[in-house]
Structures are given as C-alpha cells and as structure tokens.
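The block underneath contains the structure these notes are about, expressed in structure tokens.
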Amino acid sequence: MKAFFLLIYEIYQFMVRFFKEAFIPPYEYKEVLNQFFEVGIRSLAIISLTGFITGLVFTKQSRSSLAEFGATSWLPSLMAIAIVRALAPLVTALIIAGKVGSNIGAELGSMKVTEQIEAMEVSSTNPFKFLVVSRILATTCIVPVLATYMALIGMLGAFVNVYNNEQTSFTSFFQQAFVRITFVDIAVLIVKSAVYGFTIGFAGCFNGYNADHGTVGVGRAANKAVVVSMFLIFVEEMLIVTLVNNYLR
Amino acid sequence: MAAATQGNTNKQPHPGIDRNNAVIALRGVRKAFGPMEVLKGVDLDVYKSENVVVLGRSGSGKSVLIKIIAGLLRPDEGTVKVLGSEIDSLGTRALQDLRSKIGFSFQNSALYDGMNIRANLEFPLVRNKRSLTRKEIDDAVAQVLDDVGLSQTINQMPSELSGGQKKRIGIARTLILHPEIMLYDEPTAGLDPVTSEEINDLINEVQESYKTSAVIITHDLTCAKSTGDRVIMLAEGNFIRQGSFEEVFDSDDPRVQHFYNYNFITKT
Ligand SMILES: Nc1ncnc2c1ncn2[C@@H]1O[C@H](COP(=O)(O)OP(=O)(O)OP(=O)(O)O)[C@@H](O)[C@H]1O
Ligand SMILES: [Mg+2]
C-alpha cells in the first residue's frame, strides 16, 4: 500500500517535471522533429493496413444485420459514425501503444541500465528534455494525426465493401457518410487521440526512465509500458465517451 | 608475454604532478541509499597531472564515489570541490561548463546505441559548442579516433564493436572536449588481459598527451599497478590505505590481503 502511494507520487513528480521542462527553454527542436518522424512515418504502414481492414470488415459484418431491415443504405453514415467516434482513435491508440509505447519503454530502459542517460547528462544535455519531453510531445501530437488518417483509410475500406455490393459511387458514398459527422465528432476525435498519445508516451517514458538496473528491467519496462497504457486508454475512452455524451451531444 | 611483464612493472609517479594544486578535493563525503551506508565520510585530494586509482571490491561504492565527483549523485554530507568550484553550489549552466572539463568513461562504455560511432563522438562536442563548423567537427572526430587507434570504425554502430573497442570509443568521446580531469569507471572490467593492457597504456597516453588528472576506479590490480601514481583502497565505506601500490599492499590488514590474494589467484 505504501509502495502504491509512492508510485502515485513518483508519477505526479514525473508529470510536473514534464510540463516544466516542456515549456521552459531551451527546446530540443531537432530531437522533437526526429521523434515526430520516428512515431509518425514508421507507423504509417501498419496504420494504413489495419485502418483499411477494420473499415472493410466492420462494414461487411454490419451489412447482414442492416439487410434484415432493408437498411443497407444506412451503411455509409453508420460506418462513418462508428469509425470516427470509436474505431479510429481506439484502434490507432492500441496499435501505437503496442508498437511505439513498447519501443520507448525498451529504448529508455536500456539507456538507463547501460548508463547512457548519465552519459548524456555529463555531455551538457538534459536527458529528460532530450529523451522524455521529445517523445511525449511526439506521441501526443502524432497519434491524433494518425487517428484522423486511419478514419479516412477506414472509410475507404468501408467504401470498397459498399461499392462491391451496392455499386454506390465514391462521391455519393462520402456525401452520405459525412452527413452525420459533426464538428464535435472531429474535435473529440482529435482531443481524445491526443490524450491517448500522451498516455502512451508518458507510460513508455516513465517506465523506461525508471527501469531498475539489469537487463530484466528493460523487458519489464517495455512490457509495463504497453500493459499500463492499454489499460489507461480503455479507462480514458470510457470517461471521455461518458463526458461527451452527457455534455456535448 | 612481453605485454604481461610490462604490465607488472610499477608505474613511476608522473613527473608533472603538482602537489600544491588539488583539482579534486572531497571532504567528509557520506552517501547512503536507504539504510545502506555506502560512503562513510571520505576525504580525497587528486593533484594536477596525477592518476589516482581507487581499488575496492564489487559493491564497495566505487561507482558511487566517481558519480559524486561528476555531480551525477549528490552526497548526503560533505563537500566536493572540482577545479576549484564546489559542485553543490553550481547552477545548471555552471555545472555544464564544469562537466565539459570532466571526461567520464562509464563502466559499460555507455555508447548511444541508436547512433553510429561518428554521431556518438560528435554528441558532446555539438552539445557543448554550438557554433562549430562541419569541418571543425569532422577534424575533432578524426583526431580522437586516431588517438584511440580506431579510425576505421567511424561509420559502424556500437553493437558491432568488441568490448575493448567500445571502451576506447567511450574514452575518445570524452577526449573530444579536451577534458582536464578524466574519471574512469572500471576501464578494464570484462576485458581479456591483453586488451586490458592496451587500455592501461591508453590511460597513460591520455595522461601524457592530454595533460589530464584522473581518478581510475578498478578492482583489477594490474590496472592499478600500471596506471596509478597513487593507489587508494576503499573498503566498508572508508579509504583504508593509500600510497604507492607497494605501500598499500604492504599490510597485514586481512581486507587488503584477501583482496590481493583473490586477485592473484584469479589471474593465474
Ligand atoms: N542509485 C542507486 N540507488 C540505490 N542503491 C544504489 C544506487 N547506486 C548504487 N547503489 C548501491 O550502492 C552500492 C555501491 O554501488 P557501486 O555501484 O558504487 O559499487 P561498485 O563498487 O561500483 O561495484 P561494481 O564493481 O560492481 O561496479 C551497491 O550496493 C549498490 O546497490
Ligand atoms: Mg561500479
């Protein structure tokens, strides 16, 4: 129990330090850009693939239930809602948690246990700024971009399925799809993906930066980074959905 | 065998040592982690151009001592003066300036494994001096690589190097800033005797050509013998003996004897 409160306190300290170092100059522009690239470009392929398949399969699976009511014409708008409101941000976040979160945990963990972090410190570099702030900023900014991108790709997947069955044209599909999508939906998509992105970066950095000595610590840091961020993402999803449905819709 | 015999000859104290000029001065330094007292009040003076070896068993607090000197750890009590400045009283900027004059060779070499050798060597340079031209940087990198005899590795990744090569690159990375003080944490740990010998020679060459003073942390007696102008024995949180290699081991203290015998047996 004591250990639990100690952990909470450490997380709090880490968070405070992050906000302090993120806003106080000097800034590590180059490293931040570097991390944007690392997180963004390197995840593009897997996000494209899963986005497309999610849209396609989800449409395919929903078709039969809608067909019972003769309502397959609702598919475009229904899929748009499902993808924009729920699937794109959630699936993106889970994939990035698995791919980038574990990577951050392992990378910082091994830097910690092999004294690379201390080596930076003696080289006139604030390792917290250089390693932690840049990574958390990158995941926070890039996950919303990737989620938006996945929403578009997912819609493309949905379109392919609809086109194959109903021969709906590209323009009319997207016209129907976006009728039901509001500004609030887009805003929520961006904000909540940013929250997930922050969670992923934070969990990865916290666990990596505090990895205990020894190589076992590295694996544990990577593992914790993923498990913790996935768990938190689901909790956050639930909270955000509740908030949004109560106050914004 | 020539290398081995050479390694067993005692180092003559470096002629340039200036006993009136202590570049490192520790007074009453204590450090504990929780209930475990690691350093129980140590005093240490390292003079200009002197290589001081600190010997001690694994876990005796050698790394802690050297990290306190570099300001990576704060002592619980006592003062640490390096090049005339008290570490604890320095602001971020001043601490950075001071650290650029201290080279730290880490126990695990601590090469950045995401960067190739060139980027590793450039890192301290570009982080400290932001106005250098590309040519100045390239020249500095080529120079230190040449000094440690590893010019051919410039485009390799750390994972492609042997343990001894990593140690050398780690040392080169600190030399690039022309430090006044070198801190070596177990420079020969995990290396075979011949490679260790090369590292010992390199440490002496660095002392000679870069005019450094150094603290060398080790449990390797050959290393102590061939690089130390003065040897200090750390045990149970205190310096129990110091002097030349002979003086330190000319003792009936079981802690010293045990250390000597143990090393001797594992060496043959
Ligand atoms: N940051 C830390 N937090 C807690 N305990 C530490 C920390 N750093 C060192 N210690 C403890 O202090 C003691 C001395 O550690 P240190 O690394 O200085 O040993 P060492 O003499 O360098 O040994 P080795 O030869 O194995 O490197 C060890 O028991 C270690 O567990
Ligand atoms: Mg050590």
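All residue names refer to the structure tokens as shown: chains lettered A, B, ... in order, residues numbered from 1 in each chain, ligands numbered from 1 in order.
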Using only C-alpha atoms and all ligand atoms, tabulate the residues of chain A lying at most 12 Å from any atom of ligand 1, each with its closest atom pair and that distance in Å to one decimal, by chain and increasing residue number, as JSON lines.
```
{"residue": "A:Lys112", "atom": "CA", "partner": "ligand 1", "partner_atom_place_in_ligand_line": "1 (N)", "distance": 11.1}
{"residue": "A:Val113", "atom": "CA", "partner": "ligand 1", "partner_atom_place_in_ligand_line": "1 (N)", "distance": 10.8}
{"residue": "A:Glu115", "atom": "CA", "partner": "ligand 1", "partner_atom_place_in_ligand_line": "1 (N)", "distance": 11.1}
{"residue": "A:Glu118", "atom": "CA", "partner": "ligand 1", "partner_atom_place_in_ligand_line": "1 (N)", "distance": 11.3}
{"residue": "A:Asn210", "atom": "CA", "partner": "ligand 1", "partner_atom_place_in_ligand_line": "1 (N)", "distance": 10.7}
{"residue": "A:Ala211", "atom": "CA", "partner": "ligand 1", "partner_atom_place_in_ligand_line": "1 (N)", "distance": 11.3}
{"residue": "A:Asp212", "atom": "CA", "partner": "ligand 1", "partner_atom_place_in_ligand_line": "3 (N)", "distance": 9.2}
{"residue": "A:His213", "atom": "CA", "partner": "ligand 1", "partner_atom_place_in_ligand_line": "1 (N)", "distance": 9.0}
{"residue": "A:Gly214", "atom": "CA", "partner": "ligand 1", "partner_atom_place_in_ligand_line": "31 (O)", "distance": 11.4}
```
Check range 16-156 of chain B with DSSP on the backbone and list each residue it calls strand (DSSP E), as number ranges by chain. B: 18-33, 36-48, 51-56, 77-82, 85-86, 102-105
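Using only C-alpha atoms, the chain A residues found within 10 Å of chain B amount to Glu107, Ser110, Met111, Lys112, Val113, Thr114, Glu115, Gln116, Ile117, Glu118, Ala119, Met120, Glu121, Val122, Ser123, Ser124, Thr125 and Asn126 of chain A.
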Considering only C-alpha atoms and all ligand atoms, give me a table of residues in chain B that are at most 7 Å from ligand 2, with the closest atom pair and distance in Å for each, as a Markdown table.
```
| residue | atom | partner | partner_atom_place_in_ligand_line | distance |
| --- | --- | --- | --- | --- |
| B:Ser58 | CA | ligand 2 | 1 (Mg) | 6.9 |
| B:Gly59 | CA | ligand 2 | 1 (Mg) | 6.9 |
| B:Lys62 | CA | ligand 2 | 1 (Mg) | 5.6 |
| B:Ser63 | CA | ligand 2 | 1 (Mg) | 4.0 |
| B:Gln107 | CA | ligand 2 | 1 (Mg) | 6.4 |
| B:Asp185 | CA | ligand 2 | 1 (Mg) | 6.5 |
| B:Glu186 | CA | ligand 2 | 1 (Mg) | 6.8 |
```
May I have the selected residues written with all heavy atoms, as a PDB file, in the first residue's frame?
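What ended up in out-v2.pdb:
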```pdb
ATOM      1  N   SER B  58      33.610  -5.331  -5.499  1.00  0.00           N
ATOM      2  CA  SER B  58      32.336  -5.039  -6.137  1.00  0.00           C
ATOM      3  C   SER B  58      31.324  -4.627  -5.067  1.00  0.00           C
ATOM      4  O   SER B  58      31.228  -5.270  -4.029  1.00  0.00           O
ATOM      5  CB  SER B  58      31.864  -6.289  -6.867  1.00  0.00           C
ATOM      6  OG  SER B  58      30.849  -5.958  -7.742  1.00  0.00           O
ATOM      7  N   GLY B  59      30.635  -3.538  -5.328  1.00  0.00           N
ATOM      8  CA  GLY B  59      29.627  -3.097  -4.375  1.00  0.00           C
ATOM      9  C   GLY B  59      30.185  -2.250  -3.249  1.00  0.00           C
ATOM     10  O   GLY B  59      29.458  -1.837  -2.342  1.00  0.00           O
ATOM     11  N   LYS B  62      32.483   2.212  -5.366  1.00  0.00           N
ATOM     12  CA  LYS B  62      33.420   2.895  -6.251  1.00  0.00           C
ATOM     13  C   LYS B  62      32.688   3.760  -7.275  1.00  0.00           C
ATOM     14  O   LYS B  62      33.029   4.919  -7.483  1.00  0.00           O
ATOM     15  CB  LYS B  62      34.310   1.878  -6.982  1.00  0.00           C
ATOM     16  CG  LYS B  62      35.081   0.968  -6.050  1.00  0.00           C
ATOM     17  CD  LYS B  62      36.000   0.029  -6.799  1.00  0.00           C
ATOM     18  CE  LYS B  62      35.363  -0.919  -7.803  1.00  0.00           C
ATOM     19  NZ  LYS B  62      34.437  -1.905  -7.291  1.00  0.00           N
ATOM     20  N   SER B  63      31.680   3.176  -7.897  1.00  0.00           N
ATOM     21  CA  SER B  63      30.943   3.946  -8.894  1.00  0.00           C
ATOM     22  C   SER B  63      30.224   5.122  -8.244  1.00  0.00           C
ATOM     23  O   SER B  63      30.144   6.210  -8.821  1.00  0.00           O
ATOM     24  CB  SER B  63      29.921   3.063  -9.617  1.00  0.00           C
ATOM     25  OG  SER B  63      30.591   2.072 -10.368  1.00  0.00           O
ATOM     26  N   GLN B 107      31.422   2.564 -16.826  1.00  0.00           N
ATOM     27  CA  GLN B 107      31.684   1.137 -16.636  1.00  0.00           C
ATOM     28  C   GLN B 107      31.227   0.315 -17.846  1.00  0.00           C
ATOM     29  O   GLN B 107      31.909  -0.580 -18.282  1.00  0.00           O
ATOM     30  CB  GLN B 107      30.953   0.677 -15.362  1.00  0.00           C
ATOM     31  CG  GLN B 107      31.304  -0.728 -14.928  1.00  0.00           C
ATOM     32  CD  GLN B 107      30.952  -0.973 -13.460  1.00  0.00           C
ATOM     33  OE1 GLN B 107      30.560  -0.069 -12.727  1.00  0.00           O
ATOM     34  NE2 GLN B 107      31.110  -2.200 -13.032  1.00  0.00           N
ATOM     35  N   ASP B 185      35.584   4.618 -14.877  1.00  0.00           N
ATOM     36  CA  ASP B 185      34.897   3.631 -14.038  1.00  0.00           C
ATOM     37  C   ASP B 185      35.187   2.242 -14.598  1.00  0.00           C
ATOM     38  O   ASP B 185      34.670   1.877 -15.649  1.00  0.00           O
ATOM     39  CB  ASP B 185      33.392   3.913 -14.018  1.00  0.00           C
ATOM     40  CG  ASP B 185      32.692   3.152 -12.906  1.00  0.00           C
ATOM     41  OD1 ASP B 185      33.358   2.322 -12.245  1.00  0.00           O
ATOM     42  OD2 ASP B 185      31.491   3.391 -12.683  1.00  0.00           O
ATOM     43  N   GLU B 186      35.998   1.484 -13.893  1.00  0.00           N
ATOM     44  CA  GLU B 186      36.361   0.120 -14.287  1.00  0.00           C
ATOM     45  C   GLU B 186      36.746   0.035 -15.759  1.00  0.00           C
ATOM     46  O   GLU B 186      36.097  -0.668 -16.535  1.00  0.00           O
ATOM     47  CB  GLU B 186      35.169  -0.825 -14.050  1.00  0.00           C
ATOM     48  CG  GLU B 186      34.554  -0.669 -12.686  1.00  0.00           C
ATOM     49  CD  GLU B 186      34.789  -1.865 -11.790  1.00  0.00           C
ATOM     50  OE1 GLU B 186      35.590  -2.727 -12.169  1.00  0.00           O
ATOM     51  OE2 GLU B 186      34.193  -1.890 -10.714  1.00  0.00           O
TER      52      GLU B 186
END
```
What does the distance between CA of Gly164 in chain B and CA of Gly208 in chain A come to in Å, to one decimal place? 27.4 Å
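Straight-line separation from CA of Asn116 in chain B to CA of Pro158 in chain B: 6.4 Å.
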Give me, as a ChimeraX atom specification, all polymer residues having an atom no more than 12 Å from Asn238 in chain B, counting only C-alpha atoms and skipping those fewer than 5 positions away in the same chain. /B:28-31,37-44,54-56,60-62,65,232-233
Between CA of Ala22 in chain B and CA of Gly84 in chain B, what distance in Å does the model show, to one decimal?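 Between CA of Ala22 in chain B and CA of Gly84 in chain B the gap is 8.3 Å.
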